[in-house]
>>> print(open('input15.cif').read())   # mmCIF, C-alpha atoms
data_start
#
loop_
_atom_site.label_atom_id
_atom_site.label_comp_id
_atom_site.auth_asym_id
_atom_site.auth_seq_id
_atom_site.Cartn_x
_atom_site.Cartn_y
_atom_site.Cartn_z
CA MET S 1 -20.60 -43.69 6.57
CA ASN S 2 -18.68 -45.26 9.46
CA ASP S 3 -20.18 -46.75 12.60
CA SER S 4 -19.65 -43.60 14.66
CA ARG S 5 -21.85 -41.69 12.22
CA ARG S 6 -24.33 -44.44 11.54
CA PHE S 7 -25.78 -44.40 15.07
CA PHE S 8 -28.06 -41.47 14.35
CA LEU S 9 -30.00 -43.37 11.73
CA LYS S 10 -30.76 -46.27 14.03
CA GLN S 11 -33.60 -46.77 16.44
CA GLY S 12 -33.35 -44.49 19.44
CA GLY S 13 -31.96 -41.56 17.45
CA ILE S 14 -32.57 -38.05 18.73
CA ALA S 15 -34.62 -35.57 16.72
CA LEU S 16 -32.24 -32.64 16.42
CA ALA S 17 -34.76 -30.44 14.71
CA SER S 18 -37.15 -30.84 17.62
CA PHE S 19 -34.48 -29.55 20.00
CA GLY S 20 -33.77 -26.62 17.70
CA LEU S 21 -30.13 -27.69 17.43
CA MET S 22 -29.76 -28.35 13.71
CA ASN S 23 -27.68 -25.24 13.07
CA GLY S 24 -25.00 -26.39 15.47
CA ALA S 25 -24.91 -30.02 14.37
CA PRO S 26 -22.03 -31.50 12.40
CA SER S 27 -22.79 -31.52 8.69
CA PHE S 28 -23.11 -35.30 8.45
CA LEU S 29 -25.74 -35.29 11.21
CA GLN S 30 -27.65 -32.48 9.52
CA ARG S 31 -27.74 -34.41 6.24
CA ALA S 32 -28.68 -37.67 7.95
CA ALA S 33 -31.48 -36.10 9.96
CA LEU S 34 -32.96 -34.30 6.99
CA ALA S 35 -32.68 -37.35 4.75
CA GLN S 36 -34.45 -39.59 7.25
CA GLY S 37 -37.01 -37.03 8.42
CA LEU S 38 -35.99 -37.59 12.03
CA THR S 39 -38.16 -34.91 13.63
CA ARG S 40 -40.15 -37.24 15.86
CA ALA S 41 -39.84 -40.58 17.59
CA ALA S 42 -38.66 -43.39 15.31
CA ASP S 43 -41.66 -45.53 16.21
CA GLY S 44 -44.19 -42.75 15.64
CA ARG S 45 -46.64 -41.28 18.12
CA ARG S 46 -46.57 -42.60 21.65
CA LYS S 47 -48.61 -42.00 24.77
CA THR S 48 -46.87 -40.19 27.60
CA LEU S 49 -47.84 -39.75 31.24
CA ILE S 50 -46.40 -36.82 33.20
CA THR S 51 -46.87 -37.04 36.97
CA ILE S 52 -46.42 -34.08 39.32
CA PHE S 53 -46.26 -34.72 43.07
CA GLN S 54 -47.20 -31.79 45.32
CA ARG S 55 -45.11 -32.85 48.32
CA GLY S 56 -46.12 -31.61 51.75
CA ALA S 57 -49.90 -31.98 51.39
CA VAL S 58 -51.45 -29.15 49.41
CA ASP S 59 -54.58 -27.52 50.84
CA GLY S 60 -57.06 -28.92 48.35
CA LEU S 61 -59.97 -26.97 49.85
CA ASN S 62 -58.34 -23.68 48.92
CA MET S 63 -56.87 -25.00 45.67
CA ILE S 64 -60.31 -26.13 44.46
CA VAL S 65 -62.70 -23.91 46.37
CA PRO S 66 -66.14 -25.36 47.30
CA HIS S 67 -67.67 -21.88 47.22
CA GLY S 68 -71.17 -23.35 46.92
CA GLU S 69 -70.98 -24.78 50.42
CA SER S 70 -71.58 -22.28 53.22
CA GLU S 71 -69.87 -24.49 55.80
CA TYR S 72 -66.56 -23.86 54.03
CA TYR S 73 -66.77 -20.20 55.03
CA SER S 74 -67.75 -21.04 58.59
CA LEU S 75 -64.75 -23.34 59.01
CA ARG S 76 -62.26 -20.84 57.56
CA PRO S 77 -63.07 -17.33 58.75
CA THR S 78 -59.69 -15.88 57.69
CA LEU S 79 -58.45 -18.35 55.05
CA ALA S 80 -61.53 -18.92 52.87
CA ILE S 81 -61.39 -17.68 49.28
CA PRO S 82 -64.28 -15.28 48.55
CA ARG S 83 -67.12 -16.47 46.35
CA PRO S 84 -66.88 -15.58 42.65
CA GLY S 85 -67.74 -11.93 42.10
CA ARG S 86 -66.99 -10.95 45.69
CA GLY S 87 -63.96 -9.65 47.52
CA ASN S 88 -61.28 -7.36 46.18
CA ASN S 89 -60.15 -7.44 42.57
CA GLY S 90 -58.41 -10.70 41.75
CA GLU S 91 -59.10 -12.28 45.13
CA ALA S 92 -62.31 -14.19 44.43
CA ALA S 93 -62.57 -17.82 43.41
CA ILE S 94 -62.75 -18.42 39.65
CA ASP S 95 -66.05 -20.22 39.10
CA LEU S 96 -65.97 -23.60 37.37
CA ASP S 97 -69.42 -25.12 37.66
CA GLY S 98 -71.45 -23.04 40.10
CA PHE S 99 -70.21 -24.98 43.14
CA PHE S 100 -66.44 -25.35 42.74
CA GLY S 101 -63.92 -22.71 41.74
CA LEU S 102 -60.21 -22.34 41.21
CA HIS S 103 -58.02 -20.41 43.63
CA PRO S 104 -57.41 -17.05 41.90
CA ALA S 105 -53.69 -17.85 41.64
CA LEU S 106 -54.63 -20.71 39.28
CA ALA S 107 -56.16 -18.38 36.70
CA PRO S 108 -53.83 -19.71 33.92
CA LEU S 109 -55.63 -23.06 34.15
CA LYS S 110 -59.11 -21.67 33.46
CA ASN S 111 -58.63 -21.78 29.68
CA LEU S 112 -57.76 -25.49 29.94
CA TRP S 113 -61.03 -25.99 31.81
CA ASN S 114 -62.98 -24.03 29.19
CA GLU S 115 -61.36 -26.10 26.42
CA LYS S 116 -62.35 -29.27 28.31
CA ARG S 117 -58.75 -30.40 28.62
CA LEU S 118 -58.67 -30.09 32.42
CA ALA S 119 -60.63 -32.31 34.79
CA ILE S 120 -60.59 -32.44 38.59
CA VAL S 121 -61.15 -35.46 40.82
CA GLU S 122 -62.40 -34.45 44.26
CA ALA S 123 -62.28 -36.21 47.63
CA THR S 124 -59.60 -38.62 46.46
CA GLY S 125 -56.59 -40.05 48.23
CA SER S 126 -55.40 -42.92 50.38
CA PRO S 127 -57.74 -45.01 52.50
CA ASP S 128 -54.99 -45.26 55.11
CA ASN S 129 -55.49 -42.77 57.94
CA THR S 130 -51.85 -41.86 58.54
CA ARG S 131 -51.01 -38.19 58.99
CA SER S 132 -47.29 -38.79 58.48
CA HIS S 133 -45.89 -37.14 55.34
CA PHE S 134 -43.28 -39.86 54.96
CA ASP S 135 -45.69 -42.78 55.27
CA ALA S 136 -48.43 -41.19 53.16
CA GLN S 137 -46.01 -40.36 50.33
CA ASP S 138 -44.61 -43.88 50.52
CA TYR S 139 -48.09 -45.39 50.28
CA MET S 140 -49.12 -43.16 47.37
CA GLU S 141 -45.95 -43.90 45.43
CA SER S 142 -45.93 -47.62 46.17
CA GLY S 143 -49.64 -47.87 45.45
CA THR S 144 -50.12 -50.09 48.52
CA PRO S 145 -51.63 -48.00 51.35
CA GLY S 146 -50.82 -49.31 54.81
CA ARG S 147 -48.10 -51.65 53.59
CA LYS S 148 -44.50 -50.49 53.99
CA SER S 149 -42.88 -53.70 52.74
CA THR S 150 -43.73 -53.17 49.05
CA PRO S 151 -40.38 -53.22 47.21
CA ASP S 152 -41.32 -51.16 44.15
CA GLY S 153 -43.43 -48.22 43.02
CA TRP S 154 -46.69 -48.43 41.08
CA LEU S 155 -45.28 -46.74 37.99
CA ASN S 156 -42.38 -49.18 37.95
CA ARG S 157 -44.82 -52.08 38.18
CA TYR S 158 -46.69 -50.57 35.26
CA LEU S 159 -43.44 -50.62 33.28
CA GLN S 160 -42.83 -54.22 34.33
CA ALA S 161 -46.35 -55.31 33.37
CA LYS S 162 -46.27 -53.66 29.95
CA THR S 163 -42.95 -54.84 28.61
CA ASN S 164 -41.40 -53.45 25.46
CA ALA S 165 -38.38 -55.21 23.98
CA LYS S 166 -37.53 -52.10 21.96
CA ALA S 167 -37.99 -49.64 24.81
CA SER S 168 -35.63 -46.70 24.99
CA PRO S 169 -33.47 -46.17 28.09
CA PHE S 170 -35.50 -42.98 28.41
CA ARG S 171 -38.83 -44.77 28.68
CA ALA S 172 -39.15 -43.63 32.31
CA VAL S 173 -37.42 -40.46 33.48
CA SER S 174 -37.66 -38.48 36.69
CA MET S 175 -36.42 -34.90 36.52
CA THR S 176 -35.18 -35.03 40.12
CA GLN S 177 -31.89 -35.51 41.96
CA ASN S 178 -32.79 -39.04 42.99
CA LEU S 179 -35.09 -41.71 41.65
CA PRO S 180 -38.47 -41.34 43.42
CA ARG S 181 -40.16 -44.22 45.20
CA VAL S 182 -42.83 -44.46 42.49
CA LEU S 183 -40.24 -45.39 39.82
CA GLN S 184 -38.06 -47.72 41.90
CA GLY S 185 -38.15 -51.38 40.97
CA ARG S 186 -36.95 -53.96 38.46
CA ALA S 187 -37.86 -51.97 35.36
CA PRO S 188 -35.17 -49.49 34.23
CA ALA S 189 -35.83 -45.85 35.11
CA LEU S 190 -33.57 -42.82 35.20
CA ALA S 191 -33.32 -39.74 37.39
CA ILE S 192 -31.79 -36.82 35.51
CA SER S 193 -31.27 -33.65 37.49
CA ASN S 194 -30.47 -31.42 34.52
CA LEU S 195 -30.34 -32.08 30.79
CA ALA S 196 -27.72 -29.37 30.37
CA ASP S 197 -25.05 -31.34 32.22
CA PHE S 198 -26.69 -34.79 32.03
CA THR S 199 -26.11 -35.60 35.66
CA ILE S 200 -27.91 -38.90 36.05
CA ARG S 201 -28.90 -41.41 38.68
CA ALA S 202 -30.12 -44.83 37.58
CA GLY S 203 -31.69 -45.90 40.83
CA ALA S 204 -30.17 -48.98 42.40
CA TYR S 205 -28.48 -49.93 39.14
CA SER S 206 -25.66 -47.43 39.04
CA ALA S 207 -23.90 -44.79 41.05
CA LYS S 208 -23.99 -41.18 40.03
CA VAL S 209 -22.60 -40.83 36.51
CA GLN S 210 -21.09 -37.54 35.36
CA GLY S 211 -20.28 -36.64 31.79
CA GLY S 212 -21.30 -39.70 29.79
CA PHE S 213 -24.07 -42.27 29.69
CA GLU S 214 -21.73 -44.83 28.16
CA ASP S 215 -20.15 -45.26 31.61
CA ILE S 216 -23.30 -47.08 32.69
CA TYR S 217 -22.42 -49.91 30.35
CA GLU S 218 -19.11 -50.42 32.14
CA GLN S 219 -20.73 -51.04 35.51
CA SER S 220 -21.80 -54.54 36.41
CA ALA S 221 -24.85 -53.12 38.20
CA GLY S 222 -25.98 -51.55 34.96
CA ASP S 223 -26.89 -54.79 33.21
CA VAL S 224 -30.53 -53.82 33.26
CA LEU S 225 -29.76 -51.09 30.72
CA ARG S 226 -27.86 -53.29 28.28
CA GLY S 227 -29.46 -54.02 24.92
CA THR S 228 -31.47 -50.80 24.84
CA GLY S 229 -29.32 -49.16 22.21
CA ARG S 230 -25.92 -47.58 22.60
CA GLU S 231 -26.91 -45.31 19.72
CA THR S 232 -29.27 -43.40 21.98
CA PHE S 233 -26.51 -42.71 24.46
CA GLU S 234 -24.21 -41.58 21.68
CA ALA S 235 -26.90 -39.20 20.48
CA VAL S 236 -27.35 -37.82 23.99
CA LYS S 237 -23.60 -37.20 24.15
CA PHE S 238 -24.00 -35.09 21.05
CA LEU S 239 -26.89 -33.18 22.60
CA LYS S 240 -24.72 -32.35 25.57
CA GLN S 241 -22.14 -30.83 23.27
CA ALA S 242 -24.86 -28.95 21.39
CA ASN S 243 -26.07 -27.32 24.66
CA PRO S 244 -29.77 -28.04 25.26
CA ALA S 245 -29.84 -24.93 27.47
CA GLN S 246 -30.39 -23.07 24.20
CA TYR S 247 -33.84 -24.64 23.89
CA THR S 248 -36.64 -22.12 23.29
CA PRO S 249 -40.21 -23.06 24.30
CA GLU S 250 -42.86 -22.86 21.60
CA ASN S 251 -46.12 -20.91 21.34
CA GLY S 252 -44.98 -18.20 23.73
CA ALA S 253 -44.84 -20.58 26.72
CA GLN S 254 -43.23 -19.07 29.82
CA TYR S 255 -42.14 -21.51 32.49
CA PRO S 256 -41.77 -20.29 36.08
CA ARG S 257 -38.22 -19.89 37.30
CA GLY S 258 -36.71 -22.50 39.57
CA ARG S 259 -36.31 -26.27 39.70
CA TYR S 260 -40.00 -27.04 39.21
CA GLY S 261 -40.34 -24.92 36.07
CA ASP S 262 -37.01 -26.17 34.73
CA SER S 263 -38.06 -29.80 35.20
CA LEU S 264 -41.28 -29.28 33.22
CA LEU S 265 -39.42 -27.46 30.45
CA GLN S 266 -36.97 -30.34 30.17
CA ILE S 267 -39.76 -32.92 30.09
CA ALA S 268 -41.15 -31.00 27.12
CA GLN S 269 -37.68 -31.18 25.52
CA LEU S 270 -37.55 -34.94 25.92
CA ILE S 271 -41.03 -35.40 24.45
CA LYS S 272 -40.18 -33.25 21.45
CA ALA S 273 -36.84 -34.99 20.99
CA GLY S 274 -38.51 -38.34 20.42
CA VAL S 275 -36.24 -40.28 22.77
CA GLY S 276 -39.02 -42.75 23.63
CA LEU S 277 -40.31 -41.09 26.82
CA GLU S 278 -43.39 -42.87 28.18
CA VAL S 279 -43.47 -41.91 31.87
CA ALA S 280 -42.09 -38.67 33.33
CA PHE S 281 -42.06 -37.53 36.94
CA THR S 282 -41.30 -34.37 38.82
CA ASP S 283 -42.32 -32.85 42.13
CA MET S 284 -42.79 -29.55 43.92
CA GLY S 285 -42.46 -29.07 47.66
CA GLY S 286 -43.44 -26.43 50.22
CA TRP S 287 -47.12 -27.28 50.63
CA ASP S 288 -47.05 -27.94 54.41
CA THR S 289 -48.83 -24.73 55.39
CA HIS S 290 -49.35 -25.00 59.17
CA VAL S 291 -48.71 -21.31 59.84
CA ASN S 292 -49.79 -18.18 57.94
CA GLU S 293 -51.07 -20.09 54.94
CA GLY S 294 -52.85 -17.09 53.51
CA GLY S 295 -56.05 -16.99 51.53
CA ALA S 296 -56.29 -15.36 48.12
CA ARG S 297 -52.83 -13.93 48.75
CA GLY S 298 -49.90 -15.18 50.76
CA GLN S 299 -47.86 -18.35 51.12
CA LEU S 300 -50.23 -20.81 49.44
CA ALA S 301 -51.15 -18.36 46.70
CA LEU S 302 -47.50 -17.95 45.70
CA LEU S 303 -47.05 -21.71 45.50
CA LEU S 304 -50.22 -22.18 43.47
CA GLN S 305 -49.20 -19.39 41.11
CA GLN S 306 -45.95 -21.21 40.36
CA PHE S 307 -47.68 -24.58 40.13
CA GLY S 308 -50.40 -23.39 37.74
CA ALA S 309 -47.99 -21.39 35.59
CA GLY S 310 -45.84 -24.48 35.15
CA VAL S 311 -48.71 -26.71 34.06
CA ASN S 312 -50.01 -24.05 31.68
CA ALA S 313 -46.54 -23.48 30.19
CA LEU S 314 -46.03 -27.20 29.61
CA VAL S 315 -49.36 -27.55 27.82
CA THR S 316 -48.72 -24.40 25.78
CA ASP S 317 -45.19 -25.47 24.85
CA LEU S 318 -46.24 -28.95 23.69
CA GLY S 319 -49.20 -27.60 21.73
CA PRO S 320 -52.57 -29.25 21.00
CA GLN S 321 -51.25 -31.97 18.68
CA ARG S 322 -48.64 -33.30 21.08
CA MET S 323 -51.01 -32.91 24.05
CA ASP S 324 -53.40 -35.32 22.32
CA ASP S 325 -50.94 -38.03 23.35
CA VAL S 326 -50.07 -36.65 26.81
CA VAL S 327 -51.80 -36.81 30.20
CA ILE S 328 -50.60 -34.71 33.13
CA LEU S 329 -51.63 -36.14 36.52
CA THR S 330 -51.10 -34.28 39.81
CA MET S 331 -51.21 -35.71 43.32
CA SER S 332 -50.45 -34.93 46.96
CA GLU S 333 -50.08 -37.33 49.88
CA PHE S 334 -53.15 -36.10 51.77
CA GLY S 335 -55.26 -32.98 52.22
CA ARG S 336 -55.47 -30.55 55.09
CA THR S 337 -57.94 -29.94 57.88
CA ALA S 338 -61.26 -28.38 56.96
CA ARG S 339 -60.94 -25.94 59.87
CA GLU S 340 -58.17 -23.40 59.98
CA ASN S 341 -55.98 -23.65 63.06
CA GLY S 342 -54.96 -21.05 65.65
CA THR S 343 -51.94 -19.90 63.64
CA ARG S 344 -53.93 -19.11 60.50
CA GLY S 345 -52.87 -22.28 58.78
CA THR S 346 -54.17 -25.79 58.29
CA ASP S 347 -52.96 -29.12 59.65
CA HIS S 348 -52.62 -32.61 58.19
CA GLY S 349 -55.90 -33.90 56.81
CA HIS S 350 -57.26 -36.74 54.70
CA ALA S 351 -58.84 -36.52 51.22
CA ASN S 352 -57.67 -34.07 48.56
CA ALA S 353 -58.06 -33.13 44.89
CA MET S 354 -56.19 -34.19 41.73
CA PHE S 355 -55.83 -32.48 38.36
CA VAL S 356 -55.92 -34.49 35.13
CA VAL S 357 -54.91 -32.60 31.98
CA GLY S 358 -54.66 -33.77 28.38
CA GLY S 359 -56.20 -34.04 24.95
CA GLY S 360 -57.93 -37.31 25.79
CA VAL S 361 -59.36 -35.99 29.06
CA ARG S 362 -63.09 -35.42 29.44
CA GLY S 363 -62.45 -32.05 30.95
CA GLY S 364 -64.55 -29.18 32.11
CA LYS S 365 -65.97 -31.29 34.93
CA VAL S 366 -65.31 -32.07 38.60
CA TYR S 367 -65.43 -35.83 39.12
CA GLY S 368 -65.96 -37.82 42.28
CA GLU S 369 -68.59 -37.78 45.01
CA TRP S 370 -68.48 -34.65 47.16
CA PRO S 371 -69.02 -35.73 50.79
CA GLY S 372 -69.76 -32.29 52.24
CA LEU S 373 -68.18 -30.28 55.04
CA THR S 374 -70.78 -30.37 57.77
CA ASN S 375 -69.45 -31.81 61.01
CA ASP S 376 -71.25 -35.13 60.59
CA LYS S 377 -69.72 -35.56 57.12
CA LEU S 378 -66.13 -34.79 58.04
CA TYR S 379 -63.65 -37.63 58.47
CA GLU S 380 -62.91 -37.98 62.19
CA GLY S 381 -64.78 -34.71 62.63
CA ARG S 382 -61.97 -32.68 61.04
CA ASP S 383 -61.12 -33.61 57.44
CA LEU S 384 -62.64 -33.92 53.98
CA ALA S 385 -63.80 -37.52 53.75
CA LEU S 386 -62.47 -39.91 51.10
CA THR S 387 -64.85 -41.05 48.37
CA THR S 388 -62.38 -42.09 45.62
CA ASP S 389 -59.36 -44.31 46.25
CA PHE S 390 -56.34 -42.82 44.48
CA ARG S 391 -55.63 -46.23 42.92
CA ASP S 392 -58.81 -45.94 40.89
CA VAL S 393 -57.58 -42.65 39.41
CA PHE S 394 -54.10 -44.06 38.78
CA GLY S 395 -55.65 -47.23 37.36
CA GLU S 396 -57.85 -45.33 34.93
CA VAL S 397 -54.83 -43.43 33.62
CA ALA S 398 -52.72 -46.59 33.34
CA SER S 399 -55.51 -48.47 31.59
CA ARG S 400 -57.21 -45.95 29.34
CA HIS S 401 -54.27 -43.70 28.51
CA LEU S 402 -51.24 -46.00 28.66
CA GLY S 403 -53.09 -49.15 27.63
CA ASN S 404 -52.25 -51.45 30.54
CA ALA S 405 -55.04 -53.87 31.33
CA ASN S 406 -53.09 -55.79 33.99
CA LEU S 407 -54.05 -53.59 36.92
CA GLN S 408 -53.86 -56.41 39.47
CA THR S 409 -50.10 -56.45 38.92
CA VAL S 410 -49.83 -52.69 39.13
CA PHE S 411 -51.90 -52.51 42.34
CA PRO S 412 -51.38 -55.80 44.19
CA GLY S 413 -53.97 -56.64 46.80
CA TYR S 414 -56.49 -54.15 45.44
CA VAL S 415 -59.29 -54.81 43.00
CA THR S 416 -59.74 -51.92 40.62
CA SER S 417 -61.70 -52.06 37.40
CA ALA S 418 -63.53 -49.93 34.88
CA ALA S 419 -66.55 -50.01 37.20
CA LYS S 420 -64.57 -47.97 39.74
CA PHE S 421 -63.14 -45.49 37.22
CA ARG S 422 -64.61 -41.99 37.38
CA GLY S 423 -64.77 -41.57 33.60
CA VAL S 424 -62.12 -38.88 33.40
CA LEU S 425 -60.63 -40.43 30.26
CA GLY S 426 -62.44 -41.56 27.15
#
>>> encode(input="input15.cif", output="structure tokens")
Amino acid sequence: MNDSRRFFLKQGGIALASFGLMNGAPSFLQRAALAQGLTRAADGRRKTLITIFQRGAVDGLNMIVPHGESEYYSLRPTLAIPRPGRGNNGEAAIDLDGFFGLHPALAPLKNLWNEKRLAIVEATGSPDNTRSHFDAQDYMESGTPGRKSTPDGWLNRYLQAKTNAKASPFRAVSMTQNLPRVLQGRAPALAISNLADFTIRAGAYSAKVQGGFEDIYEQSAGDVLRGTGRETFEAVKFLKQANPAQYTPENGAQYPRGRYGDSLLQIAQLIKAGVGLEVAFTDMGGWDTHVNEGGARGQLALLLQQFGAGVNALVTDLGPQRMDDVVILTMSEFGRTARENGTRGTDHGHANAMFVVGGGVRGGKVYGEWPGLTNDKLYEGRDLALTTDFRDVFGEVASRHLGNANLQTVFPGYVTSAAKFRGVLG
């Protein structure tokens, strides 16, 4: 077997069977894959974190409905979601624990709650009081609220702090056009807009590369990627020829149409392919609902329907065994005002809610201290008050799921520890 064929047997090889591409593979690759049993990552099971950013500030009070608090209904006479068992068919909140409920558009997530694989952290977010989308997103992704000079993102610092000499080039991947702030930094990370054409951006390390990952090696700015295994890139070249667009989700999973659904589907592909994915990122915009937000139906409901369907499809596609090693974490830069405004929408607020999904999650519970919605409890008399710093949620995931104990490096200038964790993960 010559060197051009030997790459597939080396570390970083791609699991063709996992992509469902064996029938179209050259015969020597079929024989090699079957002989070596390459249907999963070469180094065995690995933990993976998938982060989903709801850009634009989702209305957390209608996403996770505090139906047990009467003040919620006083503050939102036209936007409030009816209490469970009330309202028209399919328009009432889906009860979770007698106090909180899901927006009816998030019905696909109720089974995850019942199976205790979905947890919610309430009244969480940034301690900084900015109402600027740009600044708040920057602070959440850098992990340093109030400080704009931070050069890297918190997920990149995690990668830096937990080094791996044998890490794949696909250790950190963002399924977006450009590398997000959270993954920018010294540690290698890739932005791939579409697996079907392998359009790639490697952050500050390379310009846009079309048609072949090997081109990265020819660029002086790409030194950070050297030594990670040319074999992986050769295997990805083969996958391009084999057309990953033919991928069929498992277990009847149905992803929503559009960029958001496609990005989650392709994250599932990478996990199944065993390319060494450890951190994945994607985002979904449109959450800035100042006007005609809608209640159980309307603008927000349509967004939540797509959002929930995507999360449910990803979990379904990966299946229980793979999800044992995966955590899905959602976030948004801030919440929205407790009171609806004069245009039947909501304005920029403060604290919000996060979803945490996975096999290792202590689900079926809403975590965090609920501050209440009476006027004396609202932040600046208008917003849900903050009771959990988002860095404590991020830190718990980085520590207990990904195994990074060096949280002072990941969140410089902030002291987080197990004492501040909410206990979402075992």
>>> closest_atom_pairs(input="input15.cif", of="stretch 44-105 of chain S", to="stretch 319-335 of chain S", cutoff="9 Å", atoms="only C-alpha atoms", output="Markdown table")
| residue | atom | partner | partner_atom | distance |
| --- | --- | --- | --- | --- |
| S:Arg45 | CA | S:Asp325 | CA | 7.5 |
| S:Arg46 | CA | S:Asp325 | CA | 6.5 |
| S:Lys47 | CA | S:Asp325 | CA | 4.8 |
| S:Thr48 | CA | S:Val326 | CA | 4.8 |
| S:Leu49 | CA | S:Val327 | CA | 5.0 |
| S:Ile50 | CA | S:Ile328 | CA | 4.7 |
| S:Thr51 | CA | S:Leu329 | CA | 4.9 |
| S:Ile52 | CA | S:Thr330 | CA | 4.7 |
| S:Phe53 | CA | S:Met331 | CA | 5.1 |
| S:Gln54 | CA | S:Ser332 | CA | 4.8 |
| S:Arg55 | CA | S:Ser332 | CA | 5.9 |
| S:Gly56 | CA | S:Glu333 | CA | 7.2 |
| S:Ala57 | CA | S:Phe334 | CA | 5.3 |
| S:Val58 | CA | S:Gly335 | CA | 6.1 |
| S:Asp59 | CA | S:Gly335 | CA | 5.7 |
| S:Gly60 | CA | S:Gly335 | CA | 5.9 |
| S:Leu61 | CA | S:Gly335 | CA | 8.0 |
>>> resolve_selection(input="input15.cif", expression="the PyMOL selection byres ((chain S and resi 151) around 12)", output="list of chain:residue names")
S:Asp138, S:Tyr139, S:Glu141, S:Ser142, S:Gly143, S:Thr144, S:Arg147, S:Lys148, S:Ser149, S:Thr150, S:Asp152, S:Gly153, S:Trp154, S:Asn156, S:Arg157, S:Arg181, S:Val182, S:Leu183, S:Gln184, S:Gly185, S:Arg186, S:Pro412
>>> resolve_selection(input="input15.cif", expression="the PyMOL selection byres ((chain S and resi 288-299) around 6)", output="PyMOL selection string")
chain S and resi 56-57+79-81+91+286-287+300-302+343-347
>>> resolve_selection(input="input15.cif", expression="the PyMOL selection byres ((chain S and resi 93-99) around 9)", output="compact mmCIF listing (two decimals) with C-alpha atoms, keeping the file's coordinate frame")
# COMPACT_ATOMS: atom_id res chain seq x y z
CA ILE S 64 -60.31 -26.13 44.46
CA VAL S 65 -62.70 -23.91 46.37
CA PRO S 66 -66.14 -25.36 47.30
CA HIS S 67 -67.67 -21.88 47.22
CA GLY S 68 -71.17 -23.35 46.92
CA GLU S 69 -70.98 -24.78 50.42
CA ILE S 81 -61.39 -17.68 49.28
CA PRO S 82 -64.28 -15.28 48.55
CA ARG S 83 -67.12 -16.47 46.35
CA PRO S 84 -66.88 -15.58 42.65
CA GLY S 85 -67.74 -11.93 42.10
CA ARG S 86 -66.99 -10.95 45.69
CA GLY S 90 -58.41 -10.70 41.75
CA GLU S 91 -59.10 -12.28 45.13
CA ALA S 92 -62.31 -14.19 44.43
CA PHE S 100 -66.44 -25.35 42.74
CA GLY S 101 -63.92 -22.71 41.74
CA LEU S 102 -60.21 -22.34 41.21
CA HIS S 103 -58.02 -20.41 43.63
CA PRO S 104 -57.41 -17.05 41.90
CA LEU S 106 -54.63 -20.71 39.28
CA ALA S 107 -56.16 -18.38 36.70
CA LYS S 110 -59.11 -21.67 33.46
CA TRP S 113 -61.03 -25.99 31.81
CA ASN S 114 -62.98 -24.03 29.19
CA ALA S 296 -56.29 -15.36 48.12
CA GLY S 364 -64.55 -29.18 32.11
CA LYS S 365 -65.97 -31.29 34.93
CA VAL S 366 -65.31 -32.07 38.60
>>> atom_distance(input="input15.cif", atom1="atom CA of S:Ala253", atom2="atom CA of S:Met63")
22.9 Å
>>> closest_residue(input="input15.cif", among="S:Leu270, S:Phe307, S:Arg339, S:Glu278", to="S:Pro256", atoms="all atoms listed in the file")
S:Phe307
>>> closest_residue(input="input15.cif", among="S:Met354, S:Val410, S:Ala385, S:Leu314", to="S:Gly252", atoms="all atoms listed in the file")
S:Leu314
>>> atom_distance(input="input15.cif", atom1="atom CA of S:Gly146", atom2="atom CA of S:His133")
13.1 Å
>>> atom_distance(input="input15.cif", atom1="atom CA of S:Thr282", atom2="atom CA of S:Ala418")
27.4 Å
>>> closest_residue(input="input15.cif", among="S:Lys166, S:His401, S:Arg76, S:Arg257", to="S:Val357", atoms="all atoms listed in the file")
S:His401
>>> residues_around(input="input15.cif", residues="S:Arg259", least_positions_apart="2", cutoff="12 Å", atoms="all atoms listed in the file", output="PDB file with C-alpha atoms, in the frame of the given file")
ATOM      1  CA  MET S 175     -36.420 -34.900  36.520  1.00  0.00           C
ATOM      2  CA  THR S 176     -35.180 -35.030  40.120  1.00  0.00           C
ATOM      3  CA  GLN S 177     -31.890 -35.510  41.960  1.00  0.00           C
ATOM      4  CA  SER S 193     -31.270 -33.650  37.490  1.00  0.00           C
ATOM      5  CA  ASN S 194     -30.470 -31.420  34.520  1.00  0.00           C
ATOM      6  CA  TYR S 255     -42.140 -21.510  32.490  1.00  0.00           C
ATOM      7  CA  PRO S 256     -41.770 -20.290  36.080  1.00  0.00           C
ATOM      8  CA  ARG S 257     -38.220 -19.890  37.300  1.00  0.00           C
ATOM      9  CA  GLY S 261     -40.340 -24.920  36.070  1.00  0.00           C
ATOM     10  CA  ASP S 262     -37.010 -26.170  34.730  1.00  0.00           C
ATOM     11  CA  SER S 263     -38.060 -29.800  35.200  1.00  0.00           C
ATOM     12  CA  LEU S 264     -41.280 -29.280  33.220  1.00  0.00           C
ATOM     13  CA  LEU S 265     -39.420 -27.460  30.450  1.00  0.00           C
ATOM     14  CA  GLN S 266     -36.970 -30.340  30.170  1.00  0.00           C
ATOM     15  CA  THR S 282     -41.300 -34.370  38.820  1.00  0.00           C
ATOM     16  CA  ASP S 283     -42.320 -32.850  42.130  1.00  0.00           C
ATOM     17  CA  MET S 284     -42.790 -29.550  43.920  1.00  0.00           C
ATOM     18  CA  GLY S 285     -42.460 -29.070  47.660  1.00  0.00           C
ATOM     19  CA  GLN S 306     -45.950 -21.210  40.360  1.00  0.00           C
ATOM     20  CA  PHE S 307     -47.680 -24.580  40.130  1.00  0.00           C
ATOM     21  CA  GLY S 310     -45.840 -24.480  35.150  1.00  0.00           C
TER      22      GLY S 310
END
